[in-house]
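The next block holds one structure in the form of structure tokens; read it before the comments.
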Amino acid sequence: MFVLPKSLKPVKNHYCPGCGHGIVHRLFAEIVDELGIREKMIAIAPVGCAVFGYFYWDFDTLEAAHGRPPAVATAIKRLMPEKVVVTYQGDGDLIAIGGNECLHAANRGENITIFFLNNTCYGMTGGQMAPTTIPGQKTTTTAQGRTSLDGNPIKVCELISSIDYVTYVARTSLHSPENILETKRAMKKAIQNQIDNKGFSLVEILSMCPTSWKMEPYDAMKYIENVVSKEFKLGVYKDRK
Amino acid sequence: MSSNRINFKEDFCKSCGLCIKHCPFGVLEFSTSFNAFGNHYVKQVDGKDCKGCGRCYIVCPDCAIEVLHD
Ligand SMILES: Cc1ncc(C[n+]2csc(CCOP(=O)(O)OP(=O)(O)O)c2C)c(N)n1
Ligand code: SF4
Ligand code: SF4
Ligand code: SF4
């Protein structure tokens, strides 16, 4: 049976057609149902297109200032260690304005889980360049394509997995049903690690932003397969026992 | 008769077409009618059996499809 999870409210979402956020929201809710942790969940929504996460997840969710979810998660988890604390962040939120918070939460080995949705741009504000924009990719702030003057894509998994206190880091993608199921497995493991008190886990998910990419939704999936996942290699970067 | 039933939530559908592209058995198509939001919602092709693989459910970003095995 493929039936919608109880942890997802039965409402229509505000995302553009073919946007990856809707898929990841559903996976998150499926995992919460499967692990039976709905009453223990505290999710932290980002600033970005997913700012309204609390309209959709039927568990406790709060909203942090732009880029600050890992700092807020740190406080909540330290004060209420029995809760399962998960941040959900875009690439602008996590590695542009919030790079500092993510890096230091990782370095402290906080027992939290981060779901990091990388769609290579700032979706909410109109598709500007993010630290993750692909070289040559056209955005509203790189009209001729990203050049070396704009820096090179920051590889969050490679960076975070180099930190000693980090437990689990994986990069997955949404470009096919098989990859979506792989994403769900990684997300579930990242939450299970927290329940088992194993420490900091982060899953980076390559996701479609058909609107900013100016592509049909299916072409956006193919773009991940053929371009984005060549720049950001999929795989498990760290799995500390 | 197929024992799989597709539950379409027509008003949730945004016509992104991902389910149609990923159904291996050509079971899904756009309706010529509109839903309340002006989208051509997805429907089952007349006479085509759903195999219950769930790929449409997995890729749908809008929770517009469930697949039930009766
Ligand atoms: C302090 C602050 N600076 C800037 C903004 C404007 N702003 C809103 S969302 C956003 C970026 C969102 O991009 P991303 O995190 O990649 O999420 P997406 O929308 O692509 O899912 C920015 C810069 C803000 N809301 N607050
Ligand atoms: S702008 Fe991009 S990330 Fe935001 S809802 Fe639309 S497709 Fe999704
Ligand atoms: S469950 Fe499989 S066969 Fe049935 S409509 Fe969905 S993708 Fe097609
Ligand atoms: S994937 Fe969902 S929203 Fe997209 S066309 Fe199919 S049913 Fe509609």
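FYI, nothing fancy with the structure tokens labels: chains A, B, ... in order, residues from 1 per chain, ligands from 1 as they appear.
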Using only C-alpha atoms, select each residue of chain A with any atom at most 9 Å away from an atom of chain B, and give the selection as a compact mmCIF listing (two decimals) with N, CA, C and O atoms, in the first residue's frame.
# COMPACT_ATOMS: atom_id res chain seq x y z
N MET A 1 0.83 -1.20 0.00
CA MET A 1 0.00 0.00 0.00
C MET A 1 0.87 1.26 0.00
O MET A 1 1.85 1.33 0.72
N PHE A 2 0.49 2.21 -0.78
CA PHE A 2 1.20 3.49 -0.80
C PHE A 2 0.22 4.57 -0.37
O PHE A 2 -0.48 5.17 -1.18
N VAL A 3 0.17 4.74 0.96
CA VAL A 3 -0.83 5.62 1.55
C VAL A 3 -0.11 6.75 2.29
O VAL A 3 0.93 6.53 2.92
N LEU A 4 -0.65 7.94 2.23
CA LEU A 4 0.00 9.10 2.83
C LEU A 4 0.14 8.94 4.33
O LEU A 4 -0.76 8.41 5.00
N PRO A 10 -3.39 16.63 5.76
CA PRO A 10 -4.00 16.42 4.43
C PRO A 10 -4.38 17.75 3.77
O PRO A 10 -5.54 18.04 3.56
N VAL A 11 -3.36 18.54 3.49
CA VAL A 11 -3.59 19.85 2.86
C VAL A 11 -2.74 19.97 1.59
O VAL A 11 -1.75 19.27 1.43
N LYS A 12 -3.15 20.88 0.73
CA LYS A 12 -2.43 21.16 -0.51
C LYS A 12 -1.22 22.02 -0.16
O LYS A 12 -1.33 22.95 0.64
N ASN A 13 -0.04 21.71 -0.73
CA ASN A 13 1.13 22.52 -0.41
C ASN A 13 1.28 23.71 -1.37
O ASN A 13 0.65 23.76 -2.42
N TYR A 15 4.09 24.68 -2.88
CA TYR A 15 5.28 24.61 -3.73
C TYR A 15 4.94 24.62 -5.22
O TYR A 15 3.83 24.26 -5.62
N CYS A 16 5.92 25.03 -6.02
CA CYS A 16 5.73 25.03 -7.48
C CYS A 16 5.56 23.59 -7.98
O CYS A 16 6.03 22.66 -7.34
N PRO A 17 4.94 23.41 -9.13
CA PRO A 17 4.82 22.06 -9.70
C PRO A 17 6.20 21.41 -9.86
O PRO A 17 7.13 22.04 -10.34
N GLY A 18 6.31 20.17 -9.39
CA GLY A 18 7.56 19.42 -9.57
C GLY A 18 8.66 19.77 -8.59
O GLY A 18 9.79 19.30 -8.72
N CYS A 19 8.37 20.57 -7.57
CA CYS A 19 9.39 20.96 -6.57
C CYS A 19 9.73 19.79 -5.65
O CYS A 19 8.84 19.08 -5.18
N GLY A 20 11.03 19.62 -5.36
CA GLY A 20 11.45 18.51 -4.50
C GLY A 20 11.03 18.63 -3.05
O GLY A 20 10.95 17.63 -2.33
N HIS A 21 10.74 19.84 -2.59
CA HIS A 21 10.37 20.00 -1.18
C HIS A 21 9.19 19.10 -0.82
O HIS A 21 9.17 18.50 0.26
N GLY A 22 8.19 19.04 -1.68
CA GLY A 22 7.00 18.24 -1.38
C GLY A 22 7.34 16.77 -1.15
O GLY A 22 6.77 16.11 -0.27
N ILE A 23 8.27 16.26 -1.95
CA ILE A 23 8.67 14.85 -1.80
C ILE A 23 9.38 14.64 -0.46
O ILE A 23 9.07 13.71 0.28
N VAL A 24 10.31 15.54 -0.14
CA VAL A 24 11.08 15.36 1.10
C VAL A 24 10.19 15.55 2.33
O VAL A 24 10.35 14.86 3.33
N HIS A 25 9.23 16.46 2.23
CA HIS A 25 8.27 16.61 3.35
C HIS A 25 7.56 15.29 3.61
O HIS A 25 7.37 14.88 4.75
N ARG A 26 7.13 14.65 2.53
CA ARG A 26 6.39 13.39 2.70
C ARG A 26 7.30 12.31 3.28
O ARG A 26 6.91 11.57 4.19
N LEU A 27 8.54 12.21 2.78
CA LEU A 27 9.48 11.20 3.30
C LEU A 27 9.70 11.40 4.80
O LEU A 27 9.69 10.43 5.58
N LEU A 174 16.90 13.15 -5.61
CA LEU A 174 15.47 12.88 -5.87
C LEU A 174 15.18 12.58 -7.34
O LEU A 174 14.04 12.65 -7.76
N HIS A 175 16.23 12.26 -8.13
CA HIS A 175 15.98 12.25 -9.58
C HIS A 175 15.31 10.99 -10.13
O HIS A 175 15.07 10.91 -11.33
N SER A 176 14.99 10.04 -9.28
CA SER A 176 14.23 8.86 -9.74
C SER A 176 13.56 8.24 -8.52
O SER A 176 13.96 8.51 -7.38
N PRO A 177 12.57 7.36 -8.74
CA PRO A 177 11.95 6.69 -7.58
C PRO A 177 12.98 5.93 -6.74
O PRO A 177 12.92 5.94 -5.51
N GLU A 178 13.95 5.30 -7.39
CA GLU A 178 14.97 4.54 -6.66
C GLU A 178 15.79 5.47 -5.77
O GLU A 178 16.08 5.17 -4.61
N ILE A 180 14.84 8.36 -4.64
CA ILE A 180 13.97 8.88 -3.58
C ILE A 180 13.92 7.88 -2.42
O ILE A 180 14.00 8.25 -1.24
N LEU A 181 13.84 6.59 -2.74
CA LEU A 181 13.81 5.58 -1.68
C LEU A 181 15.16 5.51 -0.95
O LEU A 181 15.20 5.31 0.27
N GLU A 216 11.04 22.16 -17.30
CA GLU A 216 9.92 21.29 -16.99
C GLU A 216 10.35 20.38 -15.83
O GLU A 216 11.54 20.03 -15.73
N PRO A 217 9.38 19.96 -14.97
CA PRO A 217 9.76 19.13 -13.82
C PRO A 217 10.58 17.87 -14.18
O PRO A 217 11.58 17.56 -13.52
N TYR A 218 10.19 17.18 -15.24
CA TYR A 218 10.94 15.95 -15.57
C TYR A 218 12.36 16.31 -16.05
O TYR A 218 13.32 15.61 -15.73
Can you pull out every residue from range 27-230 of chain A that DSSP, working from the backbone, puts in helix (DSSP H, G or I), and format the result as number ranges by chain?
A: 27-35, 49-56, 69-79, 91-97, 99-107, 148-150, 156-161, 177-195, 210-213, 217-230
Choose the residue, out of A:Pro5, A:Gly199, A:Pro135, A:Gly127, that has the smallest atom-to-atom separation from Asp58 in chain A; count only C-alpha atoms.
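Looking at the shortest contact to Asp58 in chain A, the residue is A:Pro5.
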So the first atom is atom 2 (Fe, counted along the ligand's line) of ligand 4 and the second is CA of Ser173 in chain A; what is the distance between them in Å, to one decimal place?
18.3 Å
Quick check for you: according to DSSP on this backbone, which residues of range 15-127 of chain A are classed as strand (DSSP E)? Reply as number ranges by chain.
A: 41-45, 60-63, 84-90, 113-118, 121-122
The selected residues should be written to file as a short mmCIF file (atom, residue, chain, number, x, y, z; two decimals), in the first residue's frame (atoms: N, CA, C and O atoms).
data_model
loop_
_atom_site.label_atom_id
_atom_site.label_comp_id
_atom_site.auth_asym_id
_atom_site.auth_seq_id
_atom_site.Cartn_x
_atom_site.Cartn_y
_atom_site.Cartn_z
N MET A 41 8.80 14.45 18.37
CA MET A 41 9.44 15.25 17.31
C MET A 41 9.43 16.73 17.62
O MET A 41 8.41 17.27 18.05
N ILE A 42 10.57 17.40 17.37
CA ILE A 42 10.57 18.85 17.23
C ILE A 42 11.36 19.16 15.96
O ILE A 42 12.58 18.91 15.91
N ALA A 43 10.66 19.63 14.95
CA ALA A 43 11.34 20.00 13.71
C ALA A 43 11.58 21.50 13.70
O ALA A 43 10.85 22.26 14.34
N ILE A 44 12.61 21.90 12.99
CA ILE A 44 12.89 23.33 12.86
C ILE A 44 12.93 23.67 11.38
O ILE A 44 13.76 23.15 10.62
N ALA A 45 12.00 24.54 10.99
CA ALA A 45 11.89 24.94 9.58
C ALA A 45 12.86 26.09 9.31
O ALA A 45 13.22 26.83 10.21
N ASP A 60 5.30 18.77 16.24
CA ASP A 60 5.78 20.09 16.69
C ASP A 60 6.87 20.60 15.77
O ASP A 60 7.85 19.90 15.50
N THR A 61 6.68 21.82 15.30
CA THR A 61 7.64 22.44 14.39
C THR A 61 7.76 23.91 14.76
O THR A 61 6.75 24.56 15.02
N LEU A 62 8.97 24.40 14.78
CA LEU A 62 9.11 25.83 14.96
C LEU A 62 10.01 26.39 13.88
O LEU A 62 10.61 25.66 13.09
N GLU A 63 10.09 27.69 13.86
CA GLU A 63 10.76 28.40 12.80
C GLU A 63 11.93 29.17 13.38
O GLU A 63 11.79 29.80 14.42
N VAL A 84 13.26 14.31 19.74
CA VAL A 84 14.00 14.07 18.50
C VAL A 84 13.98 15.38 17.73
O VAL A 84 12.92 15.87 17.34
N VAL A 85 15.15 15.97 17.55
CA VAL A 85 15.25 17.34 17.03
C VAL A 85 15.89 17.32 15.64
O VAL A 85 17.03 16.87 15.48
N VAL A 86 15.13 17.79 14.68
CA VAL A 86 15.56 17.71 13.28
C VAL A 86 15.44 19.08 12.62
O VAL A 86 14.39 19.71 12.70
N THR A 87 16.51 19.54 11.97
CA THR A 87 16.39 20.76 11.18
C THR A 87 16.20 20.39 9.71
O THR A 87 16.69 19.36 9.24
N TYR A 88 15.47 21.25 9.02
CA TYR A 88 15.21 21.06 7.59
C TYR A 88 15.63 22.37 6.94
O TYR A 88 15.07 23.42 7.22
N GLN A 89 16.66 22.34 6.08
CA GLN A 89 17.24 23.60 5.59
C GLN A 89 17.58 23.54 4.10
O GLN A 89 18.02 22.51 3.59
N GLY A 90 17.43 24.68 3.45
CA GLY A 90 17.87 24.81 2.06
C GLY A 90 19.35 25.17 2.02
O GLY A 90 20.00 25.36 3.05
N THR A 113 19.85 16.04 14.04
CA THR A 113 19.78 15.55 12.66
C THR A 113 19.49 16.73 11.74
O THR A 113 18.59 17.54 12.04
N ILE A 114 20.22 16.81 10.64
CA ILE A 114 19.98 17.89 9.68
C ILE A 114 19.59 17.30 8.33
O ILE A 114 20.30 16.44 7.79
N PHE A 115 18.45 17.75 7.81
CA PHE A 115 18.08 17.44 6.42
C PHE A 115 18.36 18.69 5.61
O PHE A 115 17.78 19.77 5.86
N PHE A 116 19.24 18.55 4.66
CA PHE A 116 19.76 19.70 3.89
C PHE A 116 19.38 19.52 2.43
O PHE A 116 19.89 18.65 1.73
N LEU A 117 18.46 20.35 1.97
CA LEU A 117 17.96 20.24 0.61
C LEU A 117 18.72 21.20 -0.30
O LEU A 117 18.62 22.41 -0.16
N ASN A 118 19.51 20.63 -1.19
CA ASN A 118 20.36 21.42 -2.09
C ASN A 118 19.71 21.50 -3.47
O ASN A 118 19.68 20.52 -4.21
N CYS A 121 20.31 26.91 -5.60
CA CYS A 121 19.95 28.34 -5.72
C CYS A 121 19.10 28.76 -4.53
O CYS A 121 18.71 27.94 -3.71
N TYR A 122 18.82 30.06 -4.46
CA TYR A 122 17.85 30.59 -3.50
C TYR A 122 16.49 30.57 -4.18
O TYR A 122 16.16 31.48 -4.93
#
Separation of atom 5 (S, counted along the ligand's line) of ligand 3 from CA of Val27 in chain B in Å
5.1 Å
Residues of chain A at most 8 Å from ligand 1: nearest atom pair and distance in Å, only C-alpha atoms and all ligand atoms, as a tab-separated table:
residue	atom	partner	partner_atom_place_in_ligand_line	distance
A:His21	CA	ligand 1	21 (O)	7.4
A:Pro46	CA	ligand 1	15 (O)	7.1
A:Val47	CA	ligand 1	9 (S)	5.0
A:Gly48	CA	ligand 1	19 (O)	3.6
A:Cys49	CA	ligand 1	19 (O)	3.8
A:Ala50	CA	ligand 1	21 (O)	5.8
A:Ala65	CA	ligand 1	1 (C)	6.7
A:His66	CA	ligand 1	26 (N)	5.1
A:Gly67	CA	ligand 1	15 (O)	7.8
A:Gln89	CA	ligand 1	15 (O)	6.2
A:Gly90	CA	ligand 1	15 (O)	3.6
A:Asp91	CA	ligand 1	16 (O)	3.9
A:Gly92	CA	ligand 1	15 (O)	3.3
A:Asp93	CA	ligand 1	15 (O)	3.7
A:Leu94	CA	ligand 1	15 (O)	6.5
A:Ala96	CA	ligand 1	15 (O)	7.9
A:Ile97	CA	ligand 1	3 (N)	7.3
A:Leu117	CA	ligand 1	21 (O)	7.1
A:Asn118	CA	ligand 1	16 (O)	6.8
A:Asn119	CA	ligand 1	20 (O)	6.0
A:Thr120	CA	ligand 1	16 (O)	7.0
A:Cys121	CA	ligand 1	16 (O)	5.3
A:Tyr122	CA	ligand 1	13 (O)	3.4
A:Gly123	CA	ligand 1	20 (O)	3.4
A:Met124	CA	ligand 1	19 (O)	3.8
A:Thr125	CA	ligand 1	9 (S)	5.5
A:Gly127	CA	ligand 1	20 (O)	7.4
A:Ala130	CA	ligand 1	16 (O)	6.6
A:Cys209	CA	ligand 1	20 (O)	7.4
I need the chosen residues saved as a compact mmCIF listing (two decimals), in the first residue's frame, with N, CA, C and O atoms.
# COMPACT_ATOMS: atom_id res chain seq x y z
N HIS A 21 10.74 19.84 -2.59
CA HIS A 21 10.37 20.00 -1.18
C HIS A 21 9.19 19.10 -0.82
O HIS A 21 9.17 18.50 0.26
N PRO A 46 13.28 26.22 8.05
CA PRO A 46 14.26 27.24 7.68
C PRO A 46 13.58 28.52 7.23
O PRO A 46 12.35 28.60 7.19
N VAL A 47 14.38 29.51 6.85
CA VAL A 47 13.88 30.57 5.98
C VAL A 47 14.24 30.15 4.56
O VAL A 47 15.37 29.77 4.28
N GLY A 48 13.26 30.20 3.70
CA GLY A 48 13.40 29.65 2.36
C GLY A 48 12.03 29.13 1.96
O GLY A 48 11.06 29.33 2.70
N CYS A 49 11.95 28.45 0.85
CA CYS A 49 10.62 27.99 0.41
C CYS A 49 9.95 27.09 1.43
O CYS A 49 8.73 27.02 1.49
N ALA A 50 10.75 26.38 2.26
CA ALA A 50 10.16 25.45 3.23
C ALA A 50 9.80 26.13 4.55
O ALA A 50 9.55 25.45 5.55
N ALA A 65 15.37 31.92 12.76
CA ALA A 65 15.87 32.97 11.87
C ALA A 65 16.74 32.34 10.79
O ALA A 65 17.25 31.22 10.94
N HIS A 66 16.90 33.03 9.70
CA HIS A 66 17.59 32.50 8.51
C HIS A 66 18.97 31.91 8.88
O HIS A 66 19.83 32.61 9.40
N GLY A 67 19.13 30.62 8.62
CA GLY A 67 20.42 29.96 8.84
C GLY A 67 20.67 29.47 10.25
O GLY A 67 21.65 28.78 10.49
N GLN A 89 16.66 22.34 6.08
CA GLN A 89 17.24 23.60 5.59
C GLN A 89 17.58 23.54 4.10
O GLN A 89 18.02 22.51 3.59
N GLY A 90 17.43 24.68 3.45
CA GLY A 90 17.87 24.81 2.06
C GLY A 90 19.35 25.17 2.02
O GLY A 90 20.00 25.36 3.05
N ASP A 91 19.90 25.29 0.81
CA ASP A 91 21.34 25.55 0.69
C ASP A 91 21.68 27.01 1.03
O ASP A 91 22.76 27.28 1.56
N GLY A 92 20.78 27.94 0.75
CA GLY A 92 21.03 29.31 1.17
C GLY A 92 21.03 29.39 2.69
O GLY A 92 21.91 29.98 3.31
N ASP A 93 20.05 28.74 3.30
CA ASP A 93 19.91 28.74 4.75
C ASP A 93 21.11 28.06 5.41
O ASP A 93 21.72 28.59 6.33
N LEU A 94 21.48 26.88 4.90
CA LEU A 94 22.47 26.06 5.61
C LEU A 94 23.91 26.47 5.36
O LEU A 94 24.74 26.43 6.26
N ALA A 96 25.00 29.32 3.16
CA ALA A 96 25.32 30.74 2.93
C ALA A 96 25.24 31.45 4.29
O ALA A 96 26.18 31.40 5.08
N ILE A 97 24.09 31.99 4.61
CA ILE A 97 23.96 32.76 5.86
C ILE A 97 24.17 31.89 7.10
O ILE A 97 24.64 32.37 8.13
N LEU A 117 18.46 20.35 1.97
CA LEU A 117 17.96 20.24 0.61
C LEU A 117 18.72 21.20 -0.30
O LEU A 117 18.62 22.41 -0.16
N ASN A 118 19.51 20.63 -1.19
CA ASN A 118 20.36 21.42 -2.09
C ASN A 118 19.71 21.50 -3.47
O ASN A 118 19.68 20.52 -4.21
N ASN A 119 19.18 22.70 -3.79
CA ASN A 119 18.61 22.89 -5.13
C ASN A 119 19.42 23.93 -5.94
O ASN A 119 18.92 24.51 -6.88
N THR A 120 20.64 24.14 -5.52
CA THR A 120 21.66 24.95 -6.22
C THR A 120 21.28 26.43 -6.39
O THR A 120 21.87 27.11 -7.24
N CYS A 121 20.31 26.91 -5.60
CA CYS A 121 19.95 28.34 -5.72
C CYS A 121 19.10 28.76 -4.53
O CYS A 121 18.71 27.94 -3.71
N TYR A 122 18.82 30.06 -4.46
CA TYR A 122 17.85 30.59 -3.50
C TYR A 122 16.49 30.57 -4.18
O TYR A 122 16.16 31.48 -4.93
N GLY A 123 15.69 29.55 -3.90
CA GLY A 123 14.40 29.45 -4.58
C GLY A 123 13.44 30.55 -4.17
O GLY A 123 12.86 31.25 -5.01
N MET A 124 13.28 30.74 -2.88
CA MET A 124 12.22 31.60 -2.37
C MET A 124 12.31 33.04 -2.87
O MET A 124 11.31 33.68 -3.15
N THR A 125 13.54 33.54 -2.97
CA THR A 125 13.70 34.96 -3.29
C THR A 125 13.85 35.21 -4.78
O THR A 125 14.14 36.34 -5.19
N GLY A 127 15.52 32.79 -7.19
CA GLY A 127 16.52 32.02 -7.94
C GLY A 127 17.89 32.65 -8.04
O GLY A 127 18.59 32.50 -9.04
N ALA A 130 23.50 30.60 -5.10
CA ALA A 130 23.80 30.13 -3.75
C ALA A 130 25.25 29.66 -3.75
O ALA A 130 25.87 29.55 -4.82
N CYS A 209 14.46 22.42 -8.49
CA CYS A 209 13.80 23.71 -8.41
C CYS A 209 13.45 24.10 -9.85
O CYS A 209 14.12 24.93 -10.46
